[in-house]
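Encoded as structure tokens, the structure appears first; notes follow it.
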Amino acid sequence: MLHAALIGFPASGKSTLFQLMTSTQENPRSKGDIAIGISKVPDTRLDVLCDIYNPKKRAPATVEFTDILTMARGGTQSLVDVASYRNADALVHVVRAFRDNSVPHPSGSIDPVRDAQAMEDELLLADLGVIERRLERLAKDLKRSYSNELEHEQQLIQRCRTALEEGTPLRALKMTSADLKQLRGFQLLSAKPLLLVINLDEKDLTDVGVNIEKVADRTGLTKFLARAATTAVAVYGKIELEIAQLESLDASVFLQDLGLNESGLDRVIQTSYDLLGYLSFFTVGEDECRAWSIPKNTPAQIAAREIHSDISRGFIRAEVVDYKSLTSRGSMPICREHGEVRLEGKEYIVKDGDIINFRFAT
Ligand SMILES: Nc1nc2c(ncn2[C@@H]2O[C@H](COP(=O)(O)OP(=O)(O)O)[C@@H](O)[C@H]2O)c(=O)[nH]1
Ligand SMILES: [Mg+2]
């Protein structure tokens with residue numbers, strides 16, 4: 001499951017977005033001052049599969065969102081100390097663009113570019129602290145006992161330091177997968193994919209809607225987005241939350257009236273997926289049809305781990321049929337007759353929409 005952490009300055013709309021993203025869930029949990037909620041990933045393909053199998057349970061893929069409940073900690077203070085930020089697969093920065101005098105901005109004015117940059121600076125600074133401590137350590141270790149590996153790590157970390165000092169987030173660097181693996185343990189914040197959620201003013205809706213080029217232009221964020229190697233999505237937090245709390249039929253009427261053909265939840269999840277390069281595969285049966293999300297280029301044996309570590313450990317083969325074949329044939333046996341069910345090994349790269357039955361030994 002994908003873990004995303006909401007970050008942002010106080011009164012930017014984080015908790016509003018959190019509610020919007022998790023409004024379909026009965027019981028968001030909390031742990032200390034962290035709220036943890038689950039969003040269901042919308043996917044019409046799962047509905048089609050459920051029509052075929054008529055399962056007892058329909059289980060969409062999920063994304064976990066965390067929000068910080070206390071105002072002060074939700075701001076810029078010691079970002080690295082927050083475990084839910086460090087552990088996240090992606091950071092979602094809620095940037096305030098709505099005006100509303102009754103909700104004072106802690107910096108006294110509405111300025112999306114200033115806020116986007118200030119948060120970026122916090123991320124860079126937090127990483128610089130981690131990187132510098134590591135460099136000190138490496139220098140000591142290298143003096144004591146030289147090794148090629150340590151020297152290679154030192155070069156990599158120095159490259160990171162140079163980038164950070166120049167104001168370049170680590171997510172913007174080109175790195176080999178070996179480098180990424182080496183850095184993973186440090187949980188560097190500016191290396192994580194960043195999604196900017198621009199929380200707009202109701203009054204902007206008719207003008208710019210959710211067209212991201214127009215929104216970036218209106219808020220002045222176009223340049224920032226290009227430089228920061230990030231992506232953005234527009235929401236109208238307050239009004240979209242009000243709509244989400246209506247009965248679903250009324251909600252879709254309201255969305256259409258406003259010229260929105262997708263809910264805020266769908267938009268934010270879809271953009272996160274694209275940004276992270278995630279895809280979904282499915283498991284089907286009469287008990288349950290379920291969607292699972294994994295990063296692109298995941299081999300079958302690793303994908304199996306999403307379901308259960310035992311399935312991955314005892315992996316024998318994956319029986320795979322693609323979504324189009326199964327839905328046009330209407331059943332697995334007919335696909336089999338036509339030779340469309342493939343037996344794949346553990347190195348097989350799972351494709352978006354694959355329907356998989358894992359064979360494994362216990
Ligand atoms: N007008 C307007 N108010 C909003 C919007 N989003 C959030 N708010 C209000 O701003 C205040 C702070 O929002 P909240 O989500 O708690 O911000 P947080 O401090 O970042 O968690 C609340 O009173 C919200 O109702 C918006 O899009 N438009
Ligand atoms: Mg809040």
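Ordering of the structure tokens sets the chain letters (A, B, ...), residue numbers begin anew at 1 in every chain, and ligands are numbered from 1 in the order given.
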Enumerate, as a short mmCIF file (atom, residue, chain, number, x, y, z; two decimals) with all heavy atoms, in the first residue's frame, the complete set of residues in region 171-292 of chain A that a backbone-based DSSP assignment places in alpha helix (DSSP H).
data_model
loop_
_atom_site.label_atom_id
_atom_site.label_comp_id
_atom_site.auth_asym_id
_atom_site.auth_seq_id
_atom_site.Cartn_x
_atom_site.Cartn_y
_atom_site.Cartn_z
N SER A 177 19.75 3.00 -9.90
CA SER A 177 18.94 2.33 -8.88
C SER A 177 19.82 1.89 -7.71
O SER A 177 19.35 1.81 -6.57
CB SER A 177 18.17 1.16 -9.47
OG SER A 177 19.03 0.32 -10.18
N ALA A 178 21.11 1.65 -7.97
CA ALA A 178 22.02 1.31 -6.88
C ALA A 178 22.17 2.50 -5.92
O ALA A 178 22.17 2.34 -4.70
CB ALA A 178 23.38 0.90 -7.42
N ASP A 179 22.30 3.70 -6.51
CA ASP A 179 22.40 4.92 -5.68
C ASP A 179 21.13 5.09 -4.84
O ASP A 179 21.21 5.38 -3.64
CB ASP A 179 22.57 6.16 -6.56
CG ASP A 179 23.95 6.20 -7.22
OD1 ASP A 179 24.82 5.39 -6.81
OD2 ASP A 179 24.14 7.02 -8.13
N LEU A 180 20.01 4.92 -5.49
CA LEU A 180 18.73 5.10 -4.78
C LEU A 180 18.63 4.12 -3.61
O LEU A 180 18.19 4.48 -2.52
CB LEU A 180 17.55 4.89 -5.74
CG LEU A 180 17.35 6.00 -6.76
CD1 LEU A 180 16.28 5.62 -7.76
CD2 LEU A 180 16.96 7.31 -6.06
N LYS A 181 19.08 2.92 -3.87
CA LYS A 181 19.02 1.89 -2.83
C LYS A 181 19.91 2.30 -1.65
O LYS A 181 19.53 2.16 -0.49
CB LYS A 181 19.49 0.56 -3.42
CG LYS A 181 18.97 -0.63 -2.67
CD LYS A 181 19.22 -1.92 -3.45
CE LYS A 181 19.08 -3.11 -2.53
NZ LYS A 181 19.62 -4.33 -3.12
N GLN A 182 21.07 2.82 -1.98
CA GLN A 182 22.00 3.22 -0.93
C GLN A 182 21.43 4.37 -0.08
O GLN A 182 21.65 4.44 1.11
CB GLN A 182 23.31 3.66 -1.58
CG GLN A 182 24.38 4.03 -0.58
CD GLN A 182 25.72 3.44 -0.97
OE1 GLN A 182 26.14 3.55 -2.12
NE2 GLN A 182 26.39 2.82 -0.03
N LEU A 183 20.70 5.25 -0.73
CA LEU A 183 20.17 6.42 -0.02
C LEU A 183 18.89 6.11 0.75
O LEU A 183 18.50 6.84 1.65
CB LEU A 183 19.88 7.55 -1.01
CG LEU A 183 21.10 8.24 -1.61
CD1 LEU A 183 20.66 9.30 -2.61
CD2 LEU A 183 21.97 8.88 -0.53
N ARG A 184 18.22 5.03 0.37
CA ARG A 184 16.89 4.77 0.92
C ARG A 184 16.85 4.80 2.44
O ARG A 184 15.95 5.39 3.04
CB ARG A 184 16.35 3.43 0.40
CG ARG A 184 14.84 3.31 0.51
CD ARG A 184 14.34 2.05 -0.19
NE ARG A 184 14.69 2.04 -1.60
CZ ARG A 184 14.92 0.92 -2.30
NH1 ARG A 184 14.86 -0.25 -1.73
NH2 ARG A 184 15.22 1.00 -3.58
N LEU A 205 -13.15 28.98 -9.32
CA LEU A 205 -13.64 27.76 -9.97
C LEU A 205 -14.09 27.97 -11.41
O LEU A 205 -13.69 27.25 -12.32
CB LEU A 205 -14.76 27.16 -9.12
CG LEU A 205 -15.32 25.81 -9.52
CD1 LEU A 205 -14.22 24.79 -9.70
CD2 LEU A 205 -16.31 25.33 -8.47
N THR A 206 -14.92 28.98 -11.62
CA THR A 206 -15.46 29.18 -12.97
C THR A 206 -14.38 29.63 -13.95
O THR A 206 -14.45 29.33 -15.13
CB THR A 206 -16.60 30.22 -12.97
OG1 THR A 206 -16.17 31.33 -12.18
CG2 THR A 206 -17.86 29.63 -12.36
N ASP A 207 -13.37 30.31 -13.42
CA ASP A 207 -12.30 30.84 -14.26
C ASP A 207 -11.30 29.80 -14.71
O ASP A 207 -11.05 29.62 -15.90
CB ASP A 207 -11.52 31.88 -13.43
CG ASP A 207 -11.70 33.26 -13.98
OD1 ASP A 207 -12.62 33.42 -14.81
OD2 ASP A 207 -10.92 34.14 -13.60
N VAL A 208 -10.70 29.14 -13.73
CA VAL A 208 -9.58 28.24 -14.05
C VAL A 208 -9.93 26.77 -13.85
O VAL A 208 -9.22 25.91 -14.36
CB VAL A 208 -8.31 28.58 -13.23
CG1 VAL A 208 -7.79 29.95 -13.60
CG2 VAL A 208 -8.56 28.49 -11.73
N ILE A 212 -4.64 22.39 -14.84
CA ILE A 212 -3.47 22.66 -14.02
C ILE A 212 -2.57 23.75 -14.62
O ILE A 212 -1.95 24.53 -13.89
CB ILE A 212 -2.69 21.37 -13.65
CG1 ILE A 212 -1.79 21.61 -12.44
CG2 ILE A 212 -1.91 20.81 -14.82
CD1 ILE A 212 -2.53 22.00 -11.19
N GLU A 213 -2.55 23.87 -15.95
CA GLU A 213 -1.76 24.96 -16.54
C GLU A 213 -2.34 26.32 -16.14
O GLU A 213 -1.63 27.24 -15.74
CB GLU A 213 -1.71 24.87 -18.07
CG GLU A 213 -0.65 23.92 -18.61
CD GLU A 213 -1.19 22.49 -18.70
OE1 GLU A 213 -2.39 22.34 -19.03
OE2 GLU A 213 -0.42 21.55 -18.41
N LYS A 214 -3.67 26.41 -16.25
CA LYS A 214 -4.32 27.68 -15.88
C LYS A 214 -4.14 27.97 -14.40
O LYS A 214 -3.91 29.12 -14.00
CB LYS A 214 -5.82 27.61 -16.20
CG LYS A 214 -6.13 27.72 -17.67
CD LYS A 214 -7.64 27.83 -17.85
CE LYS A 214 -8.03 27.65 -19.31
NZ LYS A 214 -9.47 27.47 -19.47
N VAL A 215 -4.26 26.92 -13.58
CA VAL A 215 -4.14 27.10 -12.14
C VAL A 215 -2.72 27.54 -11.77
O VAL A 215 -2.52 28.44 -10.96
CB VAL A 215 -4.53 25.80 -11.39
CG1 VAL A 215 -4.12 25.86 -9.93
CG2 VAL A 215 -6.03 25.55 -11.53
N ALA A 216 -1.73 26.91 -12.40
CA ALA A 216 -0.34 27.26 -12.12
C ALA A 216 -0.08 28.70 -12.54
O ALA A 216 0.61 29.47 -11.85
CB ALA A 216 0.61 26.31 -12.84
N ASP A 217 -0.67 29.08 -13.66
CA ASP A 217 -0.51 30.44 -14.15
C ASP A 217 -1.15 31.44 -13.19
O ASP A 217 -0.53 32.43 -12.79
CB ASP A 217 -1.15 30.52 -15.54
CG ASP A 217 -0.83 31.83 -16.21
OD1 ASP A 217 0.35 32.23 -16.14
OD2 ASP A 217 -1.75 32.46 -16.78
N ARG A 218 -2.37 31.15 -12.77
CA ARG A 218 -3.10 32.02 -11.86
C ARG A 218 -2.36 32.21 -10.52
O ARG A 218 -2.31 33.28 -9.95
CB ARG A 218 -4.50 31.44 -11.63
CG ARG A 218 -5.29 32.01 -10.46
CD ARG A 218 -5.73 33.44 -10.71
NE ARG A 218 -6.42 33.62 -11.96
CZ ARG A 218 -7.74 33.66 -12.10
NH1 ARG A 218 -8.52 33.56 -11.05
NH2 ARG A 218 -8.28 33.84 -13.28
N THR A 219 -1.77 31.10 -10.02
CA THR A 219 -1.13 31.16 -8.71
C THR A 219 0.36 31.50 -8.80
O THR A 219 1.03 31.62 -7.77
CB THR A 219 -1.28 29.81 -7.98
OG1 THR A 219 -0.89 28.77 -8.88
CG2 THR A 219 -2.71 29.55 -7.55
N THR A 222 3.98 28.22 -11.99
CA THR A 222 4.49 27.51 -13.17
C THR A 222 5.98 27.25 -13.09
O THR A 222 6.45 26.12 -13.29
CB THR A 222 4.18 28.32 -14.45
OG1 THR A 222 2.78 28.64 -14.42
CG2 THR A 222 4.50 27.52 -15.70
N LYS A 223 6.75 28.29 -12.77
CA LYS A 223 8.21 28.16 -12.73
C LYS A 223 8.64 27.21 -11.63
O LYS A 223 9.51 26.37 -11.83
CB LYS A 223 8.83 29.55 -12.45
CG LYS A 223 9.50 30.16 -13.64
CD LYS A 223 10.50 31.21 -13.16
CE LYS A 223 10.78 32.22 -14.24
NZ LYS A 223 10.78 33.60 -13.71
N PHE A 224 8.03 27.38 -10.47
CA PHE A 224 8.39 26.53 -9.34
C PHE A 224 8.21 25.06 -9.70
O PHE A 224 9.06 24.22 -9.42
CB PHE A 224 7.55 26.86 -8.10
CG PHE A 224 7.82 25.94 -6.94
CD1 PHE A 224 8.84 26.21 -6.05
CD2 PHE A 224 7.08 24.78 -6.77
CE1 PHE A 224 9.12 25.34 -5.01
CE2 PHE A 224 7.35 23.90 -5.73
CZ PHE A 224 8.37 24.19 -4.84
N LEU A 225 7.10 24.75 -10.33
CA LEU A 225 6.79 23.35 -10.65
C LEU A 225 7.83 22.74 -11.58
O LEU A 225 8.24 21.61 -11.41
CB LEU A 225 5.39 23.24 -11.27
CG LEU A 225 4.25 23.50 -10.30
CD1 LEU A 225 2.92 23.54 -11.04
CD2 LEU A 225 4.22 22.42 -9.22
N ALA A 226 8.27 23.51 -12.56
CA ALA A 226 9.27 23.00 -13.50
C ALA A 226 10.59 22.76 -12.79
O ALA A 226 11.23 21.72 -12.95
CB ALA A 226 9.45 23.98 -14.64
N ARG A 227 10.99 23.71 -11.96
CA ARG A 227 12.30 23.64 -11.31
C ARG A 227 12.34 22.53 -10.26
O ARG A 227 13.35 21.89 -10.06
CB ARG A 227 12.58 25.00 -10.66
CG ARG A 227 14.04 25.26 -10.41
CD ARG A 227 14.24 26.65 -9.83
NE ARG A 227 13.33 26.92 -8.74
CZ ARG A 227 12.54 27.99 -8.64
NH1 ARG A 227 12.55 28.90 -9.58
NH2 ARG A 227 11.75 28.16 -7.62
N GLY A 237 -10.84 22.74 -1.70
CA GLY A 237 -11.00 21.91 -0.51
C GLY A 237 -12.34 22.02 0.17
O GLY A 237 -13.03 21.03 0.38
N LYS A 238 -12.71 23.24 0.48
CA LYS A 238 -13.90 23.43 1.30
C LYS A 238 -15.15 22.96 0.57
O LYS A 238 -15.93 22.16 1.09
CB LYS A 238 -14.02 24.91 1.66
CG LYS A 238 -15.00 25.16 2.77
CD LYS A 238 -14.94 26.62 3.16
CE LYS A 238 -16.07 26.95 4.12
NZ LYS A 238 -16.10 28.39 4.40
N ILE A 239 -15.30 23.42 -0.65
CA ILE A 239 -16.52 23.11 -1.39
C ILE A 239 -16.55 21.63 -1.80
O ILE A 239 -17.60 20.97 -1.77
CB ILE A 239 -16.67 24.08 -2.58
CG1 ILE A 239 -18.06 23.99 -3.18
CG2 ILE A 239 -15.66 23.84 -3.65
CD1 ILE A 239 -18.35 25.17 -4.08
N GLU A 240 -15.39 21.09 -2.12
CA GLU A 240 -15.35 19.68 -2.52
C GLU A 240 -15.64 18.76 -1.34
O GLU A 240 -16.24 17.70 -1.51
CB GLU A 240 -14.00 19.33 -3.17
CG GLU A 240 -13.81 20.09 -4.48
CD GLU A 240 -12.83 19.43 -5.42
OE1 GLU A 240 -13.17 18.38 -5.99
OE2 GLU A 240 -11.71 19.97 -5.60
N LEU A 241 -15.25 19.20 -0.14
CA LEU A 241 -15.57 18.40 1.04
C LEU A 241 -17.07 18.44 1.31
O LEU A 241 -17.68 17.41 1.61
CB LEU A 241 -14.79 18.89 2.26
CG LEU A 241 -15.07 18.15 3.57
CD1 LEU A 241 -14.73 16.66 3.42
CD2 LEU A 241 -14.27 18.74 4.73
N GLU A 242 -17.66 19.61 1.14
CA GLU A 242 -19.11 19.72 1.34
C GLU A 242 -19.84 18.79 0.38
O GLU A 242 -20.79 18.10 0.76
CB GLU A 242 -19.57 21.17 1.13
CG GLU A 242 -19.27 22.04 2.34
CD GLU A 242 -19.35 23.55 2.04
OE1 GLU A 242 -19.84 23.93 0.94
OE2 GLU A 242 -18.88 24.33 2.89
N ILE A 243 -19.37 18.76 -0.85
CA ILE A 243 -20.02 17.89 -1.85
C ILE A 243 -19.82 16.42 -1.51
O ILE A 243 -20.75 15.61 -1.61
CB ILE A 243 -19.47 18.19 -3.26
CG1 ILE A 243 -19.90 19.60 -3.69
CG2 ILE A 243 -19.96 17.16 -4.27
CD1 ILE A 243 -19.27 20.07 -4.97
N ALA A 244 -18.61 16.08 -1.06
CA ALA A 244 -18.30 14.68 -0.76
C ALA A 244 -19.19 14.15 0.36
O ALA A 244 -19.41 12.95 0.48
CB ALA A 244 -16.82 14.52 -0.39
N SER A 248 -24.36 10.13 -2.79
CA SER A 248 -23.53 10.09 -4.00
C SER A 248 -24.25 10.62 -5.23
O SER A 248 -23.64 11.21 -6.11
CB SER A 248 -23.00 8.68 -4.23
OG SER A 248 -24.05 7.83 -4.57
N LEU A 249 -25.57 10.41 -5.31
CA LEU A 249 -26.30 10.89 -6.47
C LEU A 249 -26.29 12.43 -6.53
O LEU A 249 -25.98 13.02 -7.55
CB LEU A 249 -27.74 10.36 -6.44
CG LEU A 249 -28.45 10.35 -7.78
CD1 LEU A 249 -27.72 9.41 -8.75
CD2 LEU A 249 -29.91 9.92 -7.62
N ASP A 250 -26.61 13.04 -5.39
CA ASP A 250 -26.57 14.50 -5.31
C ASP A 250 -25.18 15.02 -5.61
O ASP A 250 -25.00 16.02 -6.30
CB ASP A 250 -26.97 14.97 -3.91
CG ASP A 250 -28.42 14.64 -3.59
OD1 ASP A 250 -29.17 14.38 -4.56
OD2 ASP A 250 -28.78 14.64 -2.41
N ALA A 251 -24.19 14.31 -5.07
CA ALA A 251 -22.80 14.76 -5.24
C ALA A 251 -22.43 14.84 -6.71
O ALA A 251 -21.84 15.83 -7.15
CB ALA A 251 -21.85 13.82 -4.49
N SER A 252 -22.82 13.82 -7.49
CA SER A 252 -22.40 13.86 -8.89
C SER A 252 -23.11 14.98 -9.64
O SER A 252 -22.55 15.58 -10.55
CB SER A 252 -22.59 12.50 -9.57
OG SER A 252 -23.94 12.11 -9.49
N VAL A 253 -24.36 15.28 -9.25
CA VAL A 253 -25.08 16.40 -9.87
C VAL A 253 -24.35 17.72 -9.57
O VAL A 253 -24.10 18.53 -10.46
CB VAL A 253 -26.54 16.47 -9.35
CG1 VAL A 253 -27.20 17.76 -9.83
CG2 VAL A 253 -27.33 15.26 -9.82
N PHE A 254 -23.96 17.90 -8.30
CA PHE A 254 -23.25 19.11 -7.90
C PHE A 254 -21.92 19.27 -8.63
O PHE A 254 -21.58 20.35 -9.09
CB PHE A 254 -22.99 19.10 -6.39
CG PHE A 254 -24.04 19.84 -5.62
CD1 PHE A 254 -25.09 19.15 -5.03
CD2 PHE A 254 -23.96 21.22 -5.48
CE1 PHE A 254 -26.07 19.84 -4.32
CE2 PHE A 254 -24.93 21.90 -4.77
CZ PHE A 254 -25.98 21.21 -4.20
N LEU A 255 -21.19 18.15 -8.72
CA LEU A 255 -19.90 18.20 -9.40
C LEU A 255 -20.08 18.66 -10.84
O LEU A 255 -19.35 19.52 -11.33
CB LEU A 255 -19.23 16.82 -9.39
CG LEU A 255 -18.58 16.39 -8.07
CD1 LEU A 255 -18.09 14.94 -8.17
CD2 LEU A 255 -17.43 17.30 -7.70
N GLN A 256 -21.09 18.10 -11.50
CA GLN A 256 -21.33 18.48 -12.89
C GLN A 256 -21.72 19.94 -13.02
O GLN A 256 -21.26 20.64 -13.90
CB GLN A 256 -22.39 17.59 -13.51
CG GLN A 256 -21.77 16.33 -14.10
CD GLN A 256 -22.80 15.27 -14.42
OE1 GLN A 256 -24.00 15.55 -14.47
NE2 GLN A 256 -22.32 14.07 -14.63
N ASP A 257 -22.56 20.40 -12.07
CA ASP A 257 -22.96 21.81 -12.07
C ASP A 257 -21.75 22.72 -12.00
O ASP A 257 -21.72 23.79 -12.58
CB ASP A 257 -23.85 22.10 -10.86
CG ASP A 257 -25.29 21.71 -11.14
OD1 ASP A 257 -25.56 21.28 -12.28
OD2 ASP A 257 -26.12 21.83 -10.22
N GLY A 264 -12.69 15.48 -6.13
CA GLY A 264 -11.36 15.86 -5.68
C GLY A 264 -10.55 14.63 -5.30
O GLY A 264 -9.36 14.54 -5.59
N LEU A 265 -11.21 13.69 -4.64
CA LEU A 265 -10.54 12.46 -4.22
C LEU A 265 -9.97 11.73 -5.44
O LEU A 265 -8.80 11.36 -5.47
CB LEU A 265 -11.55 11.57 -3.50
CG LEU A 265 -11.05 10.28 -2.88
CD1 LEU A 265 -11.86 9.97 -1.63
CD2 LEU A 265 -11.12 9.11 -3.81
N ASP A 266 -10.80 11.55 -6.45
CA ASP A 266 -10.34 10.86 -7.66
C ASP A 266 -9.16 11.59 -8.30
O ASP A 266 -8.20 10.97 -8.73
CB ASP A 266 -11.47 10.77 -8.70
CG ASP A 266 -12.57 9.83 -8.24
OD1 ASP A 266 -12.52 9.39 -7.07
OD2 ASP A 266 -13.47 9.54 -9.03
N ARG A 267 -9.24 12.91 -8.35
CA ARG A 267 -8.18 13.69 -9.00
C ARG A 267 -6.86 13.56 -8.25
O ARG A 267 -5.82 13.36 -8.84
CB ARG A 267 -8.57 15.16 -9.05
CG ARG A 267 -9.06 15.59 -10.40
CD ARG A 267 -9.26 17.08 -10.55
NE ARG A 267 -9.33 17.88 -9.36
CZ ARG A 267 -10.42 18.13 -8.67
NH1 ARG A 267 -11.58 17.62 -9.04
NH2 ARG A 267 -10.38 18.90 -7.61
N VAL A 268 -6.94 13.69 -6.92
CA VAL A 268 -5.70 13.65 -6.13
C VAL A 268 -5.08 12.26 -6.20
O VAL A 268 -3.88 12.11 -6.39
CB VAL A 268 -5.96 14.07 -4.66
CG1 VAL A 268 -4.71 13.87 -3.82
CG2 VAL A 268 -6.41 15.52 -4.61
N ILE A 269 -5.90 11.22 -6.09
CA ILE A 269 -5.37 9.85 -6.14
C ILE A 269 -4.77 9.57 -7.51
O ILE A 269 -3.69 9.01 -7.62
CB ILE A 269 -6.49 8.83 -5.86
CG1 ILE A 269 -6.99 8.99 -4.44
CG2 ILE A 269 -6.00 7.42 -6.14
CD1 ILE A 269 -6.63 7.88 -3.53
N GLN A 270 -5.49 9.95 -8.55
CA GLN A 270 -5.00 9.66 -9.90
C GLN A 270 -3.67 10.36 -10.15
O GLN A 270 -2.74 9.77 -10.69
CB GLN A 270 -6.05 10.11 -10.94
CG GLN A 270 -5.80 9.55 -12.32
CD GLN A 270 -5.73 8.02 -12.31
OE1 GLN A 270 -6.65 7.37 -11.85
NE2 GLN A 270 -4.62 7.45 -12.78
N THR A 271 -3.57 11.62 -9.72
CA THR A 271 -2.33 12.35 -9.94
C THR A 271 -1.19 11.73 -9.12
O THR A 271 -0.07 11.64 -9.59
CB THR A 271 -2.48 13.84 -9.55
OG1 THR A 271 -3.76 14.28 -9.97
CG2 THR A 271 -1.42 14.69 -10.19
N SER A 272 -1.50 11.29 -7.90
CA SER A 272 -0.47 10.66 -7.07
C SER A 272 0.05 9.40 -7.76
O SER A 272 1.24 9.14 -7.80
CB SER A 272 -1.01 10.24 -5.70
OG SER A 272 -1.70 11.30 -5.10
N TYR A 273 -0.88 8.63 -8.30
CA TYR A 273 -0.51 7.41 -9.00
C TYR A 273 0.42 7.70 -10.17
O TYR A 273 1.42 7.04 -10.35
CB TYR A 273 -1.78 6.73 -9.52
CG TYR A 273 -2.12 5.50 -8.76
CD1 TYR A 273 -2.25 5.54 -7.38
CD2 TYR A 273 -2.30 4.29 -9.40
CE1 TYR A 273 -2.57 4.41 -6.67
CE2 TYR A 273 -2.62 3.15 -8.69
CZ TYR A 273 -2.75 3.22 -7.34
OH TYR A 273 -3.05 2.10 -6.64
N ASP A 274 0.05 8.69 -10.95
CA ASP A 274 0.86 9.02 -12.12
C ASP A 274 2.23 9.50 -11.70
O ASP A 274 3.25 9.12 -12.26
CB ASP A 274 0.17 10.10 -12.96
CG ASP A 274 -1.14 9.58 -13.55
OD1 ASP A 274 -1.36 8.36 -13.50
OD2 ASP A 274 -1.94 10.40 -14.04
N LEU A 275 2.24 10.35 -10.67
CA LEU A 275 3.51 10.90 -10.18
C LEU A 275 4.42 9.79 -9.70
O LEU A 275 5.62 9.78 -9.97
CB LEU A 275 3.21 11.88 -9.03
CG LEU A 275 4.42 12.35 -8.22
CD1 LEU A 275 5.25 13.33 -9.04
CD2 LEU A 275 3.97 13.02 -6.94
N LEU A 276 3.87 8.85 -8.98
CA LEU A 276 4.67 7.79 -8.38
C LEU A 276 4.96 6.66 -9.34
O LEU A 276 5.77 5.79 -9.07
CB LEU A 276 3.95 7.22 -7.16
CG LEU A 276 3.91 8.14 -5.96
CD1 LEU A 276 2.85 7.70 -5.00
CD2 LEU A 276 5.26 8.15 -5.29
#
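Taking the backbone of this structure through DSSP, the residues of region 74-200 of chain A that come out as strand (DSSP E) are Ala90, Leu91, Val92, His93, Val94, Val95, Arg96, Leu194, Leu195, Leu196, Val197, Ile198 and Asn199 of chain A.
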Write the residues you've just listed into a file as a PDB file, in the first residue's frame, and include C-alpha atoms for each of them.
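Listing of selection-v3.pdb after writing:
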ATOM      1  CA  ALA A  90       5.324  10.496  -1.165  1.00  0.00           C
ATOM      2  CA  LEU A  91       4.811  13.919   0.363  1.00  0.00           C
ATOM      3  CA  VAL A  92       1.683  15.851  -0.448  1.00  0.00           C
ATOM      4  CA  HIS A  93       2.160  19.569   0.135  1.00  0.00           C
ATOM      5  CA  VAL A  94      -1.093  21.449   0.537  1.00  0.00           C
ATOM      6  CA  VAL A  95      -0.495  24.995  -0.667  1.00  0.00           C
ATOM      7  CA  ARG A  96      -2.995  27.640   0.266  1.00  0.00           C
ATOM      8  CA  LEU A 194       6.291  15.576  -4.064  1.00  0.00           C
ATOM      9  CA  LEU A 195       2.757  16.373  -5.050  1.00  0.00           C
ATOM     10  CA  LEU A 196       1.630  19.956  -4.723  1.00  0.00           C
ATOM     11  CA  VAL A 197      -2.049  20.232  -3.961  1.00  0.00           C
ATOM     12  CA  ILE A 198      -3.097  23.777  -4.754  1.00  0.00           C
ATOM     13  CA  ASN A 199      -6.070  24.613  -2.575  1.00  0.00           C
TER      14      ASN A 199
END
Can you list every residue of region 51-117 of chain A that has an atom at most 12 Å from region 11-24 of chain A, with its nearest atom pair and the distance in Å to one decimal, using only C-alpha atoms, ordered by chain then number, as a tab-separated table?
residue	atom	partner	partner_atom	distance
A:Thr62	CA	A:Thr22	CA	10.4
A:Val63	CA	A:Met21	CA	9.4
A:Glu64	CA	A:Thr22	CA	8.9
A:Phe65	CA	A:Phe18	CA	7.2
A:Thr66	CA	A:Phe18	CA	7.7
A:Asp67	CA	A:Ser15	CA	6.6
A:Ile68	CA	A:Ser15	CA	8.1
A:Leu69	CA	A:Ser15	CA	7.8
A:Thr70	CA	A:Ser15	CA	10.3
A:Met71	CA	A:Ala11	CA	8.2
A:Ala72	CA	A:Ala11	CA	10.6
A:Gly74	CA	A:Lys14	CA	8.8
A:Gly75	CA	A:Ala11	CA	9.4
A:Val92	CA	A:Lys14	CA	9.2
A:His93	CA	A:Lys14	CA	8.3
A:Val94	CA	A:Lys14	CA	6.0
A:Val95	CA	A:Ser12	CA	5.9
A:Arg96	CA	A:Ser12	CA	4.5
A:Ala97	CA	A:Ser12	CA	8.0
A:Phe98	CA	A:Ser12	CA	8.3
A:Arg99	CA	A:Ser12	CA	10.2
A:Asp100	CA	A:Ala11	CA	10.7
A:Asn101	CA	A:Ala11	CA	11.6
A:Ser102	CA	A:Ala11	CA	10.8
A:Val103	CA	A:Ala11	CA	7.0
A:Pro104	CA	A:Ala11	CA	7.4
A:His105	CA	A:Ala11	CA	6.4
A:Pro106	CA	A:Ala11	CA	7.7
A:Ser107	CA	A:Ala11	CA	10.5
A:Gly108	CA	A:Ala11	CA	11.4
A:Ser109	CA	A:Ser12	CA	11.8
A:Ile110	CA	A:Ser12	CA	9.8
A:Asp111	CA	A:Ser12	CA	11.1
A:Pro112	CA	A:Ser12	CA	9.9
A:Asp115	CA	A:Ser12	CA	9.7
A:Ala116	CA	A:Ser12	CA	11.3
Might you pull out every residue within 12 Å of Ala126 (chain A), with only C-alpha atoms counted and same-chain residues fewer than 3 positions away left off, and present them as number ranges by chain?
A: 76-82, 85-86, 119-123, 129-133, 161, 164-165, 169-170, 186-191
Which is closer to ligand 1 than all the others in A:Lys324, A:Lys203, A:Arg317, A:Arg114, using only C-alpha atoms and all ligand atoms?
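Selected residue with least distance to ligand 1: A:Lys203.
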